[in-house]
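Data block for target.txt (compact mmCIF, C-alpha atoms and all ligand atoms):
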# COMPACT_ATOMS: atom_id res chain seq x y z
CA MET M 3 40.93 -23.58 -45.70
CA ASN M 4 37.73 -25.19 -47.07
CA VAL M 5 35.75 -23.65 -49.91
CA LEU M 6 32.25 -24.72 -50.93
CA VAL M 7 31.67 -24.33 -54.68
CA LEU M 8 28.06 -24.20 -55.86
CA ASN M 9 27.05 -24.51 -59.50
CA ALA M 10 23.33 -23.88 -59.90
CA GLY M 11 21.71 -24.88 -63.19
CA SER M 12 18.11 -24.17 -64.10
CA SER M 13 16.93 -27.37 -62.35
CA SER M 14 20.10 -28.66 -60.70
CA LEU M 15 22.64 -27.77 -58.05
CA LYS M 16 26.15 -29.26 -58.21
CA TYR M 17 28.58 -28.75 -55.37
CA GLN M 18 32.11 -29.50 -54.25
CA LEU M 19 33.82 -28.93 -50.95
CA VAL M 20 37.49 -28.30 -51.65
CA ASP M 21 40.38 -28.20 -49.20
CA MET M 22 42.32 -25.24 -50.60
CA ASP M 23 45.49 -26.04 -48.65
CA THR M 24 45.89 -29.18 -50.77
CA GLU M 25 43.38 -28.47 -53.61
CA GLU M 26 41.86 -31.88 -52.85
CA VAL M 27 38.11 -32.45 -53.19
CA ILE M 28 36.73 -33.37 -49.75
CA THR M 29 33.29 -34.30 -51.05
CA ARG M 30 30.91 -33.46 -53.85
CA GLY M 31 27.42 -34.13 -55.09
CA LEU M 32 24.44 -32.88 -57.00
CA CYS M 33 20.74 -32.21 -56.62
CA GLU M 34 18.76 -32.92 -59.76
CA ARG M 35 15.27 -32.13 -61.04
CA VAL M 36 14.97 -29.38 -58.46
CA GLY M 37 11.45 -27.97 -58.52
CA THR M 38 9.85 -31.24 -59.72
CA PRO M 39 8.33 -34.15 -57.80
CA LEU M 40 11.16 -36.39 -59.09
CA SER M 41 13.95 -34.47 -57.37
CA PHE M 42 16.84 -36.38 -55.81
CA HIS M 43 20.21 -35.71 -54.25
CA LYS M 44 23.43 -37.67 -54.85
CA HIS M 45 26.16 -37.08 -52.32
CA GLY M 46 29.74 -38.36 -51.98
CA VAL M 47 33.03 -38.28 -53.86
CA ASP M 48 31.68 -40.75 -56.43
CA SER M 49 28.40 -38.78 -56.41
CA ASP M 50 26.31 -41.91 -56.02
CA GLU M 51 27.79 -43.12 -52.75
CA CYS M 52 24.59 -41.94 -51.18
CA VAL M 53 21.36 -41.20 -53.05
CA ILE M 54 18.72 -39.31 -51.09
CA HIS M 55 15.23 -39.11 -52.57
CA ARG M 56 13.46 -36.14 -51.10
CA PRO M 57 11.34 -33.26 -52.27
CA LEU M 58 13.48 -30.32 -53.39
CA PRO M 59 10.82 -27.82 -54.41
CA SER M 60 13.29 -24.95 -54.87
CA HIS M 61 16.99 -24.07 -55.03
CA HIS M 62 16.65 -22.89 -51.44
CA ALA M 63 15.56 -26.40 -50.42
CA ALA M 64 18.47 -27.83 -52.43
CA VAL M 65 21.02 -25.61 -50.61
CA LEU M 66 19.52 -26.73 -47.27
CA ALA M 67 19.83 -30.36 -48.34
CA VAL M 68 23.48 -29.82 -49.37
CA LEU M 69 24.41 -28.24 -46.03
CA GLU M 70 22.63 -31.04 -44.19
CA ALA M 71 24.51 -33.69 -46.18
CA LEU M 72 27.87 -31.96 -45.66
CA THR M 73 27.41 -32.04 -41.88
CA HIS M 74 25.49 -35.32 -41.64
CA PRO M 75 26.81 -37.49 -38.75
CA GLU M 76 26.90 -40.61 -40.96
CA TYR M 77 27.88 -39.53 -44.46
CA GLY M 78 28.88 -35.91 -43.90
CA ALA M 79 32.41 -34.61 -44.43
CA ILE M 80 32.61 -31.88 -41.78
CA ALA M 81 31.38 -31.58 -38.20
CA ASP M 82 29.65 -28.25 -38.69
CA LEU M 83 29.45 -25.27 -41.03
CA SER M 84 32.22 -23.39 -39.23
CA GLU M 85 34.59 -25.66 -41.20
CA ILE M 86 33.59 -23.85 -44.41
CA GLN M 87 35.56 -20.64 -44.80
CA GLY M 88 34.32 -19.33 -48.15
CA ILE M 89 31.69 -20.01 -50.81
CA GLY M 90 32.09 -19.68 -54.58
CA HIS M 91 29.15 -19.52 -56.96
CA ARG M 92 29.27 -20.16 -60.67
CA VAL M 93 27.20 -17.48 -62.39
CA VAL M 94 26.64 -17.85 -66.13
CA HIS M 95 26.17 -14.23 -67.13
CA GLY M 96 27.94 -11.17 -65.84
CA GLY M 97 27.13 -9.05 -68.91
CA ASP M 98 29.83 -6.45 -69.40
CA TYR M 99 29.91 -5.61 -65.69
CA PHE M 100 32.36 -8.25 -64.52
CA ALA M 101 35.78 -8.98 -65.99
CA GLU M 102 36.79 -11.14 -63.04
CA SER M 103 35.41 -12.93 -59.99
CA VAL M 104 34.12 -10.67 -57.21
CA ILE M 105 33.08 -10.80 -53.58
CA ILE M 106 29.28 -10.68 -53.55
CA THR M 107 27.70 -7.50 -52.24
CA ASP M 108 24.19 -6.05 -52.67
CA GLU M 109 25.42 -4.18 -55.72
CA VAL M 110 26.81 -7.38 -57.26
CA ILE M 111 23.47 -9.10 -56.63
CA ALA M 112 21.65 -6.24 -58.37
CA ARG M 113 23.96 -6.56 -61.41
CA ILE M 114 23.46 -10.33 -61.58
CA GLU M 115 19.70 -9.72 -61.44
CA GLU M 116 20.03 -7.24 -64.30
CA CYS M 117 21.89 -9.87 -66.36
CA SER M 118 19.08 -12.39 -65.81
CA GLN M 119 17.49 -11.01 -68.95
CA LEU M 120 20.49 -12.39 -70.87
CA ALA M 121 20.50 -15.79 -69.08
CA PRO M 122 16.90 -16.30 -67.92
CA LEU M 123 17.32 -19.97 -66.95
CA HIS M 124 20.65 -19.74 -65.18
CA ASN M 125 21.16 -16.42 -63.40
CA PRO M 126 18.00 -16.66 -61.26
CA ALA M 127 19.11 -20.14 -60.10
CA ALA M 128 22.53 -18.78 -59.09
CA LEU M 129 20.85 -15.88 -57.29
CA ALA M 130 18.65 -18.29 -55.35
CA GLY M 131 21.80 -20.13 -54.23
CA ILE M 132 23.51 -16.88 -53.23
CA GLN M 133 20.49 -15.71 -51.26
CA SER M 134 20.04 -19.04 -49.51
CA CYS M 135 23.71 -19.19 -48.48
CA GLY M 136 23.47 -15.59 -47.27
CA GLU M 137 20.54 -16.51 -45.05
CA LEU M 138 21.91 -19.82 -43.79
CA MET M 139 25.56 -18.74 -43.38
CA PRO M 140 25.47 -14.96 -42.99
CA ASP M 141 29.07 -14.74 -41.75
CA LYS M 142 30.68 -16.37 -44.81
CA VAL M 143 32.40 -14.61 -47.70
CA GLN M 144 30.60 -15.38 -50.96
CA VAL M 145 32.26 -14.99 -54.36
CA ALA M 146 30.71 -14.97 -57.84
CA THR M 147 32.67 -16.39 -60.79
CA PHE M 148 31.18 -15.63 -64.20
CA ASP M 149 31.33 -17.74 -67.39
CA THR M 150 31.50 -14.52 -69.37
CA ALA M 151 34.17 -12.67 -67.35
CA PHE M 152 37.30 -14.07 -69.01
CA HIS M 153 36.11 -12.86 -72.43
CA GLN M 154 35.67 -9.25 -71.34
CA SER M 155 39.22 -8.66 -72.58
CA MET M 156 38.12 -9.14 -76.22
CA PRO M 157 38.59 -6.05 -78.38
CA PRO M 158 35.51 -4.48 -80.04
CA ARG M 159 36.46 -6.01 -83.40
CA ALA M 160 35.86 -9.42 -81.82
CA TYR M 161 32.86 -8.65 -79.64
CA ARG M 162 30.79 -6.29 -81.79
CA TYR M 163 28.44 -7.60 -84.46
CA ALA M 164 28.14 -5.72 -87.74
CA LEU M 165 24.82 -4.17 -86.70
CA PRO M 166 23.91 -0.49 -86.21
CA PRO M 167 25.19 0.82 -82.83
CA GLU M 168 21.78 1.09 -81.16
CA TYR M 169 21.52 -2.72 -80.95
CA TYR M 170 24.69 -2.75 -78.88
CA GLU M 171 24.16 0.47 -76.95
CA GLN M 172 20.48 0.09 -76.10
CA HIS M 173 19.94 -3.65 -76.31
CA ARG M 174 23.38 -4.92 -75.22
CA ILE M 175 23.62 -7.19 -78.26
CA ARG M 176 27.30 -8.14 -78.52
CA ARG M 177 29.46 -11.23 -78.24
CA TYR M 178 29.88 -12.19 -74.58
CA GLY M 179 31.36 -15.68 -74.88
CA PHE M 180 30.95 -18.48 -72.34
CA HIS M 181 32.93 -21.35 -70.73
CA GLY M 182 35.33 -18.61 -69.60
CA THR M 183 36.25 -20.32 -66.33
CA SER M 184 37.22 -23.48 -68.20
CA HIS M 185 39.25 -21.64 -70.87
CA ARG M 186 41.07 -19.64 -68.18
CA TYR M 187 41.79 -22.74 -66.10
CA VAL M 188 43.24 -24.79 -68.96
CA ALA M 189 45.26 -21.81 -70.22
CA GLU M 190 46.85 -21.36 -66.77
CA GLN M 191 47.50 -25.09 -66.44
CA ALA M 192 48.96 -25.23 -69.97
CA ALA M 193 51.48 -22.51 -69.06
CA LEU M 194 52.47 -24.43 -65.92
CA PHE M 195 52.70 -27.65 -67.92
CA LEU M 196 54.86 -26.04 -70.61
CA GLN M 197 56.90 -24.24 -67.92
CA ARG M 198 56.51 -20.97 -69.76
CA PRO M 199 55.00 -17.68 -68.56
CA LEU M 200 51.35 -17.40 -69.63
CA ASP M 201 51.87 -13.81 -70.72
CA GLU M 202 54.28 -14.97 -73.43
CA LEU M 203 52.03 -17.66 -74.88
CA LYS M 204 49.62 -17.72 -77.80
CA LEU M 205 47.08 -20.45 -77.09
CA ILE M 206 43.94 -21.82 -78.68
CA THR M 207 41.82 -23.65 -76.11
CA CYS M 208 39.17 -26.08 -77.39
CA HIS M 209 36.41 -26.83 -74.85
CA LEU M 210 34.56 -29.70 -76.51
CA GLY M 211 31.88 -31.05 -74.17
CA ASN M 212 28.13 -31.09 -74.63
CA GLY M 213 28.53 -27.37 -75.21
CA CYS M 214 31.56 -26.48 -77.32
CA SER M 215 33.66 -23.35 -77.76
CA LEU M 216 37.11 -22.32 -78.91
CA THR M 217 39.02 -19.36 -77.50
CA ALA M 218 42.05 -17.50 -78.84
CA ILE M 219 44.23 -16.46 -75.88
CA ASP M 220 47.09 -14.02 -76.26
CA GLY M 221 49.31 -13.57 -73.21
CA GLY M 222 46.62 -14.97 -70.91
CA ARG M 223 43.85 -12.73 -72.29
CA SER M 224 40.90 -13.94 -74.34
CA VAL M 225 40.99 -12.09 -77.67
CA ASP M 226 38.27 -14.02 -79.48
CA THR M 227 35.85 -16.83 -78.74
CA SER M 228 33.33 -18.79 -80.75
CA MET M 229 30.22 -18.49 -78.55
CA GLY M 230 28.48 -15.17 -78.90
CA PHE M 231 25.50 -13.24 -77.57
CA THR M 232 24.29 -16.66 -76.43
CA PRO M 233 25.95 -20.10 -76.24
CA LEU M 234 24.26 -21.03 -79.53
CA GLU M 235 26.82 -19.36 -81.78
CA GLY M 236 29.96 -21.01 -83.06
CA LEU M 237 30.75 -24.70 -83.14
CA MET M 238 28.39 -27.57 -83.75
CA MET M 239 27.61 -29.06 -80.31
CA GLY M 240 25.78 -32.01 -78.75
CA THR M 241 22.32 -30.63 -79.50
CA ARG M 242 23.01 -27.06 -80.71
CA SER M 243 23.46 -26.19 -84.35
CA GLY M 244 26.18 -23.61 -83.75
CA SER M 245 26.45 -20.87 -86.39
CA ILE M 246 24.11 -21.05 -89.34
CA ASP M 247 23.15 -18.43 -91.91
CA PRO M 248 20.87 -16.12 -89.83
CA ALA M 249 18.54 -15.84 -92.83
CA ILE M 250 17.62 -19.50 -92.28
CA VAL M 251 15.68 -18.28 -89.22
CA LEU M 252 13.71 -15.84 -91.39
CA TYR M 253 13.01 -18.62 -93.86
CA LEU M 254 11.76 -20.92 -91.07
CA ILE M 255 9.37 -18.18 -89.97
CA ASP M 256 8.20 -17.02 -93.38
CA GLU M 257 8.10 -20.26 -95.33
CA LEU M 258 7.62 -22.95 -92.70
CA GLY M 259 5.45 -20.90 -90.31
CA MET M 260 7.57 -21.81 -87.29
CA ASP M 261 7.40 -19.66 -84.17
CA THR M 262 10.25 -18.58 -81.89
CA ALA M 263 9.69 -21.43 -79.41
CA GLU M 264 9.87 -24.02 -82.20
CA ILE M 265 12.96 -22.44 -83.72
CA GLY M 266 14.60 -22.16 -80.29
CA ALA M 267 13.98 -25.86 -79.67
CA LEU M 268 15.24 -26.81 -83.14
CA LEU M 269 18.51 -24.87 -82.85
CA ASN M 270 19.25 -25.51 -79.16
CA ARG M 271 17.92 -28.99 -78.48
CA LEU M 272 17.29 -30.86 -81.73
CA SER M 273 20.34 -30.03 -83.85
CA GLY M 274 24.09 -30.62 -83.53
CA LEU M 275 25.32 -34.21 -83.21
CA LEU M 276 21.81 -35.32 -82.25
CA GLY M 277 20.06 -33.61 -85.15
CA VAL M 278 22.50 -34.55 -87.88
CA SER M 279 23.10 -38.15 -86.73
CA GLN M 280 19.41 -38.64 -85.97
CA SER M 281 20.56 -40.88 -83.14
CA SER M 282 22.35 -39.29 -80.16
CA ASN M 283 23.99 -36.17 -78.76
CA ASP M 284 26.69 -38.35 -77.20
CA MET M 285 29.95 -38.50 -79.13
CA ARG M 286 30.52 -42.16 -78.18
CA ASP M 287 27.15 -43.24 -79.61
CA VAL M 288 27.65 -41.21 -82.78
CA ARG M 289 31.13 -42.67 -83.27
CA ASP M 290 29.81 -46.21 -82.76
CA ALA M 291 26.97 -45.60 -85.21
CA ALA M 292 29.40 -44.19 -87.79
CA GLU M 293 31.67 -47.21 -87.36
CA ALA M 294 28.65 -49.46 -87.91
CA GLY M 295 28.11 -47.76 -91.27
CA ASN M 296 25.47 -45.14 -90.43
CA ALA M 297 25.97 -42.36 -93.02
CA ASP M 298 24.15 -39.67 -91.00
CA ALA M 299 26.40 -40.35 -88.01
CA ALA M 300 29.50 -40.21 -90.23
CA LEU M 301 28.34 -36.87 -91.64
CA ALA M 302 27.77 -35.55 -88.09
CA LEU M 303 31.41 -36.31 -87.23
CA GLU M 304 32.60 -34.60 -90.45
CA LEU M 305 30.57 -31.46 -89.73
CA TYR M 306 31.75 -31.37 -86.11
CA ALA M 307 35.43 -31.59 -87.01
CA HIS M 308 35.03 -29.12 -89.87
CA ALA M 309 33.50 -26.50 -87.56
CA VAL M 310 36.38 -26.84 -85.09
CA LEU M 311 38.89 -26.55 -87.94
CA HIS M 312 37.13 -23.44 -89.22
CA TYR M 313 37.62 -21.59 -85.91
CA LEU M 314 41.07 -23.05 -85.32
CA GLY M 315 42.30 -21.68 -88.62
CA SER M 316 40.70 -18.32 -87.99
CA TYR M 317 42.32 -18.03 -84.55
CA VAL M 318 45.80 -19.00 -85.77
CA PHE M 319 45.59 -15.95 -88.04
CA ALA M 320 43.93 -13.71 -85.44
CA LEU M 321 46.77 -14.51 -83.02
CA GLY M 322 49.48 -14.29 -85.68
CA GLY M 323 50.62 -17.84 -84.84
CA VAL M 324 50.06 -20.28 -82.03
CA ASP M 325 52.33 -21.93 -79.46
CA ALA M 326 49.90 -24.56 -78.24
CA ILE M 327 46.45 -25.96 -78.98
CA VAL M 328 44.74 -27.29 -75.85
CA PHE M 329 41.89 -29.82 -75.84
CA THR M 330 39.55 -30.12 -72.86
CA ALA M 331 36.07 -31.30 -71.65
CA GLY M 332 34.36 -34.64 -72.39
CA VAL M 333 35.14 -34.93 -76.11
CA GLY M 334 38.36 -32.89 -76.02
CA GLU M 335 39.83 -34.97 -73.19
CA ASN M 336 38.60 -38.41 -74.24
CA SER M 337 38.03 -38.64 -77.98
CA ALA M 338 41.37 -39.46 -79.62
CA ASP M 339 39.46 -40.13 -82.86
CA MET M 340 37.94 -36.66 -82.94
CA ARG M 341 41.23 -34.94 -82.08
CA GLN M 342 42.87 -36.85 -84.91
CA LYS M 343 40.07 -36.04 -87.34
CA ILE M 344 40.42 -32.34 -86.53
CA LEU M 345 44.21 -32.14 -86.78
CA THR M 346 44.99 -34.55 -89.63
CA GLY M 347 46.68 -32.89 -92.60
CA LEU M 348 48.03 -29.86 -90.73
CA GLU M 349 51.66 -31.02 -90.73
CA GLY M 350 52.48 -28.29 -93.28
CA LEU M 351 51.44 -25.75 -90.65
CA GLY M 352 53.72 -27.29 -88.02
CA ILE M 353 50.93 -29.16 -86.22
CA CYS M 354 51.87 -32.84 -85.92
CA LEU M 355 49.99 -35.29 -83.68
CA ASP M 356 51.82 -38.30 -82.31
CA ALA M 357 49.44 -41.23 -82.88
CA GLU M 358 50.58 -43.20 -79.84
CA ARG M 359 50.48 -40.23 -77.44
CA ASN M 360 47.09 -39.22 -78.83
CA ALA M 361 45.68 -42.70 -78.20
CA ALA M 362 47.08 -42.94 -74.64
CA ARG M 363 44.91 -41.90 -71.71
CA GLY M 364 45.83 -39.89 -68.64
CA GLY M 365 45.75 -36.41 -67.13
CA GLU M 366 47.61 -33.37 -68.45
CA ARG M 367 49.70 -34.49 -71.40
CA THR M 368 51.34 -33.64 -74.72
CA ILE M 369 49.90 -35.41 -77.74
CA SER M 370 51.98 -33.73 -80.45
CA SER M 371 55.22 -35.24 -81.72
CA ASP M 372 58.56 -33.92 -80.53
CA ASP M 373 59.18 -32.20 -83.86
CA SER M 374 55.76 -30.50 -83.94
CA GLN M 375 56.29 -26.73 -84.04
CA VAL M 376 52.93 -26.22 -82.31
CA LYS M 377 52.42 -28.17 -79.09
CA VAL M 378 49.13 -30.00 -78.81
CA LEU M 379 48.03 -30.68 -75.22
CA VAL M 380 45.17 -32.36 -73.39
CA ILE M 381 44.39 -30.59 -70.12
CA PRO M 382 41.38 -31.88 -68.12
CA THR M 383 39.23 -28.93 -67.16
CA ASN M 384 38.31 -28.19 -63.54
CA GLU M 385 35.99 -25.22 -63.28
CA GLU M 386 35.23 -25.89 -59.60
CA LEU M 387 38.90 -25.70 -58.67
CA MET M 388 39.27 -22.45 -60.63
CA ILE M 389 36.32 -21.00 -58.70
CA ALA M 390 37.77 -22.20 -55.37
CA ARG M 391 41.13 -20.64 -56.29
CA ASP M 392 39.37 -17.34 -56.97
CA VAL M 393 37.62 -17.52 -53.58
CA LYS M 394 40.94 -18.15 -51.85
CA ALA M 395 42.63 -15.30 -53.70
CA LEU M 396 39.80 -12.85 -52.95
CA MET M 397 39.70 -13.85 -49.28
CA ARG M 398 43.34 -12.89 -48.95
P1 LIG U 401 29.13 -31.09 -70.29
O1 LIG U 401 29.28 -29.99 -71.28
O2 LIG U 401 27.70 -31.52 -70.08
O3 LIG U 401 29.91 -30.89 -68.99
P2 LIG U 401 31.12 -33.08 -70.90
O4 LIG U 401 32.29 -32.17 -70.85
O5 LIG U 401 31.02 -34.14 -69.87
O6 LIG U 401 29.75 -32.33 -71.01
O7 LIG U 401 31.16 -33.78 -72.33
C1 LIG U 401 30.18 -34.66 -72.76
C2 LIG U 401 30.61 -35.26 -74.10
O8 LIG U 401 31.87 -35.94 -73.92
C3 LIG U 401 29.64 -36.27 -74.67
O9 LIG U 401 29.45 -36.04 -76.05
C4 LIG U 401 30.38 -37.58 -74.48
O10 LIG U 401 30.07 -38.49 -75.49
C5 LIG U 401 31.80 -37.15 -74.62
N1 LIG U 401 32.70 -38.17 -74.08
C6 LIG U 401 32.86 -38.53 -72.79
N2 LIG U 401 33.73 -39.57 -72.70
C7 LIG U 401 34.10 -39.88 -73.95
C8 LIG U 401 34.96 -40.86 -74.53
N3 LIG U 401 35.62 -41.74 -73.79
N4 LIG U 401 35.11 -40.87 -75.88
C9 LIG U 401 34.45 -39.98 -76.64
N5 LIG U 401 33.62 -39.04 -76.17
C10 LIG U 401 33.44 -38.99 -74.85

Have the structure of the file written as structure tokens, please.
Ligand code: ADP
Amino acid sequence: MNVLVLNAGSSSLKYQLVDMDTEEVITRGLCERVGTPLSFHKHGVDSDECVIHRPLPSHHAAVLAVLEALTHPEYGAIADLSEIQGIGHRVVHGGDYFAESVIITDEVIARIEECSQLAPLHNPAALAGIQSCGELMPDKVQVATFDTAFHQSMPPRAYRYALPPEYYEQHRIRRYGFHGTSHRYVAEQAALFLQRPLDELKLITCHLGNGCSLTAIDGGRSVDTSMGFTPLEGLMMGTRSGSIDPAIVLYLIDELGMDTAEIGALLNRLSGLLGVSQSSNDMRDVRDAAEAGNADAALALELYAHAVLHYLGSYVFALGGVDAIVFTAGVGENSADMRQKILTGLEGLGICLDAERNAARGGERTISSDDSQVKVLVIPTNEELMIARDVKALMR
């Protein structure tokens, strides 16, 4: 059974065709700069096997280009579209309507449209993909998987802000959380890896990529997460500030005369690793700069690790203990230095890294020492596979 997974960003469309009998990726690719004259399409398992420069004025055009590439006589992977059995779409925001993936119906589309207000750049792109697939492949089952869904299990004490009720009831201001598909995937894989039932485990999953979030997971259910009403809350990220005193925003308006667009750009695009280091949003560059003696870069690394530690400590207490801490995404999977920086000095709490295991590379692995009370794992994330698994399960 083949599942096509589509991940539409505001100006991009990533895709994977997955054989769900083996869970192997058949092919993948991405369309970038959709809606601009500089659009292009990379197709193939290494994503740059084949680069096609062509106008992609809309997400509809991008979906057409993807289907053409998949069935292309030269570089395609399937003879025709009948070899695709189901389609999964990543949708950023499901509001509080969706606690799990669903088969897409007109009602689901209406709900996703309603949630566009909460994710104005992303939900409309996903909807365009859903509509295009519906037109081009009307007989296929389509499934929506939401970044927010996994966190719908949070109790009110974790998802409500300390604001008067009308802001929640009338304006839907609450913590939603994001990266849910990644947190769910690594939690399920961690349970398999540890050979223990997920519903008996207390886990803290650390998704440290360009965007970063931590989630406290009790028995397979998200009970708290660091991103909030938007992905800006929580940890320091590549270009996002993460949590700051909200009164700083008032000060920027009142004293510096900044407007909402300027403040949005500052907090979302010009802060985090990039803003503090004054050099790059990429962890490798910041680490290199710090090693070369750049004090701003060194401070950026300190702030980054401190923010992770802040949430880690909070979640150990919220969960009443922790069986395993799981690192994933670009930094979490690859930066042994950052993992060490975060977890150094926690031996008294039963968290002991093994230096050699931490420095080694590979797939799913343990990086804590044998006598560490808390297991520390690296589990590479795979959101596309999680989506494809949901499609397969719903098609049953
Ligand atoms: P996204 O959130 O865009 O999917 P990724 O999960 O790919 O991002 O993470 C990107 C981050 O991972 C960047 O900061 C990058 O520097 C970091 N990263 C990737 N490889 C390494 C590495 N070998 N060592 C340290 N950091 C790395």

To test the calculation: enclose all listed atoms of segment 69-79 of chain M in a box whose edges run along x, y and z, add 8 Å on each side, then state centre and edge lengths in Å to one decimal, as JSON.
{"center_x": 27.5, "center_y": -34.4, "center_z": -42.5, "size_x": 25.8, "size_y": 28.4, "size_z": 23.4}

Counting only C-alpha atoms and all ligand atoms, which residues of chain M fall within 7 Å of ligand LIG 401 (chain U), and what is the closest atom pair for each with its distance in Å at one decimal, ordered by chain and rising number, as a Markdown table?
| residue | atom | partner | partner_atom | distance |
| --- | --- | --- | --- | --- |
| M:Leu210 | CA | U:LIG401 | O4 | 6.6 |
| M:Gly211 | CA | U:LIG401 | O7 | 3.4 |
| M:Asn212 | CA | U:LIG401 | O1 | 3.7 |
| M:Gly213 | CA | U:LIG401 | O1 | 4.8 |
| M:Gly240 | CA | U:LIG401 | O9 | 6.1 |
| M:Asn283 | CA | U:LIG401 | O9 | 6.1 |
| M:Asp284 | CA | U:LIG401 | O9 | 3.8 |
| M:Met285 | CA | U:LIG401 | O10 | 3.6 |
| M:Arg286 | CA | U:LIG401 | O10 | 4.6 |
| M:Asp287 | CA | U:LIG401 | O10 | 6.9 |
| M:Ala331 | CA | U:LIG401 | O4 | 4.0 |
| M:Gly332 | CA | U:LIG401 | O8 | 3.2 |
| M:Val333 | CA | U:LIG401 | O8 | 4.1 |
| M:Asn336 | CA | U:LIG401 | C8 | 4.4 |
| M:Ser337 | CA | U:LIG401 | C9 | 4.1 |

Generate a file of the selected residues that holds C-alpha atoms, formatted as a short mmCIF file (atom, residue, chain, number, x, y, z; two decimals), in the coordinates of the input.
data_model
loop_
_atom_site.label_atom_id
_atom_site.label_comp_id
_atom_site.auth_asym_id
_atom_site.auth_seq_id
_atom_site.Cartn_x
_atom_site.Cartn_y
_atom_site.Cartn_z
CA LEU M 210 34.56 -29.70 -76.51
CA GLY M 211 31.88 -31.05 -74.17
CA ASN M 212 28.13 -31.09 -74.63
CA GLY M 213 28.53 -27.37 -75.21
CA GLY M 240 25.78 -32.01 -78.75
CA ASN M 283 23.99 -36.17 -78.76
CA ASP M 284 26.69 -38.35 -77.20
CA MET M 285 29.95 -38.50 -79.13
CA ARG M 286 30.52 -42.16 -78.18
CA ASP M 287 27.15 -43.24 -79.61
CA ALA M 331 36.07 -31.30 -71.65
CA GLY M 332 34.36 -34.64 -72.39
CA VAL M 333 35.14 -34.93 -76.11
CA ASN M 336 38.60 -38.41 -74.24
CA SER M 337 38.03 -38.64 -77.98
#

In the coordinate frame of the file, compute which residues have an atom within 12 Å of (55.3, -29.9, -82.3) when using all atoms listed in the file, and state them as a count of residues only.
25

When distances are computed from all atoms listed in the file, which of M:Ser60, M:Ser316, M:Thr232, M:Ser118 shows the smallest separation from Leu216 of chain M?
M:Ser316

Point-to-point distance from atom CA of Ile175 of chain M to atom CA of Asp256 of chain M, Å rounded to tenths
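Between atom CA of Ile175 of chain M and atom CA of Asp256 of chain M the gap works out to 23.7 Å.
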
Who sits within 9 Å of Val47 of chain M, only C-alpha atoms, same chain under 2 positions skipped, as a PDB file with C-alpha atoms, in the coordinates of the input:
ATOM      1  CA  GLN M  18      32.110 -29.500 -54.250  1.00  0.00           C
ATOM      2  CA  VAL M  27      38.110 -32.450 -53.190  1.00  0.00           C
ATOM      3  CA  ILE M  28      36.730 -33.370 -49.750  1.00  0.00           C
ATOM      4  CA  THR M  29      33.290 -34.300 -51.050  1.00  0.00           C
ATOM      5  CA  ARG M  30      30.910 -33.460 -53.850  1.00  0.00           C
ATOM      6  CA  GLY M  31      27.420 -34.130 -55.090  1.00  0.00           C
ATOM      7  CA  HIS M  45      26.160 -37.080 -52.320  1.00  0.00           C
ATOM      8  CA  SER M  49      28.400 -38.780 -56.410  1.00  0.00           C
ATOM      9  CA  ASP M  50      26.310 -41.910 -56.020  1.00  0.00           C
ATOM     10  CA  GLU M  51      27.790 -43.120 -52.750  1.00  0.00           C
TER      11      GLU M  51
END

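For segment 288-292 of chain M, the residues within 10 Å (counting only C-alpha atoms, excluding itself and residues fewer than 6 positions away along the chain) are Leu275, Leu276, Val278, Ser279, Gln280, Ser281, Ser282, Asp298, Ala299, Ala300, Leu301, Ala302, Leu303, Ser337, Asp339 and Met340 of chain M.
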
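Among the candidates M:Ile250, M:Ala390, M:Ile89, M:Ala309, the residue lying nearest to Cys208 of chain M is M:Ala309 (atoms considered: only C-alpha atoms).
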
Counting only C-alpha atoms, find the residues whose atoms lie at most 9 Å from (45.0, -13.9, -69.7) (file coordinates) and write them out as a tab-separated table (two decimals) with C-alpha atoms, in the frame of the given file.
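And here's result_24.tsv as it stands now:
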chain	number	residue	atom	x	y	z
M	152	PHE	CA	37.30	-14.07	-69.01
M	155	SER	CA	39.22	-8.66	-72.58
M	186	ARG	CA	41.07	-19.64	-68.18
M	189	ALA	CA	45.26	-21.81	-70.22
M	190	GLU	CA	46.85	-21.36	-66.77
M	200	LEU	CA	51.35	-17.40	-69.63
M	201	ASP	CA	51.87	-13.81	-70.72
M	219	ILE	CA	44.23	-16.46	-75.88
M	220	ASP	CA	47.09	-14.02	-76.26
M	221	GLY	CA	49.31	-13.57	-73.21
M	222	GLY	CA	46.62	-14.97	-70.91
M	223	ARG	CA	43.85	-12.73	-72.29
M	224	SER	CA	40.90	-13.94	-74.34

Selected residue, from M:Thr227, M:Asn4, M:Ser134, M:Ser273, that lies nearest to Ile246 of chain M when counting only C-alpha atoms:
M:Ser273

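Atom to atom, atom CA of Ala67 of chain M and atom CA of Cys33 of chain M stand 8.5 Å apart.
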
Point-to-point distance in Å for atom CA of Ile389 of chain M and atom CA of Ala151 of chain M:
12.2 Å

Can you pull out every residue within 12 Å of Leu254 of chain M, counting only C-alpha atoms, but drop anything in the same chain fewer than 4 positions away, and send it as a list of chain:residue names?
M:Asp247, M:Pro248, M:Ala249, M:Ile250, M:Leu258, M:Gly259, M:Met260, M:Asp261, M:Thr262, M:Ala263, M:Glu264, M:Ile265, M:Gly266, M:Leu268, M:Leu269

Name the residues in contact with Tyr17 of chain M at a cut-off of 8 Å, using only C-alpha atoms, excluding same-chain residues fewer than 6 positions from it; report them as an mmCIF file with C-alpha atoms, in the frame of the given file.
data_model
loop_
_atom_site.group_PDB
_atom_site.id
_atom_site.type_symbol
_atom_site.label_atom_id
_atom_site.label_comp_id
_atom_site.auth_asym_id
_atom_site.auth_seq_id
_atom_site.Cartn_x
_atom_site.Cartn_y
_atom_site.Cartn_z
ATOM 1 C CA LEU M 6 32.250 -24.720 -50.930
ATOM 2 C CA VAL M 7 31.670 -24.330 -54.680
ATOM 3 C CA LEU M 8 28.060 -24.200 -55.860
ATOM 4 C CA ASN M 9 27.050 -24.510 -59.500
ATOM 5 C CA ARG M 30 30.910 -33.460 -53.850
ATOM 6 C CA GLY M 31 27.420 -34.130 -55.090
ATOM 7 C CA LEU M 32 24.440 -32.880 -57.000
ATOM 8 C CA VAL M 68 23.480 -29.820 -49.370
#
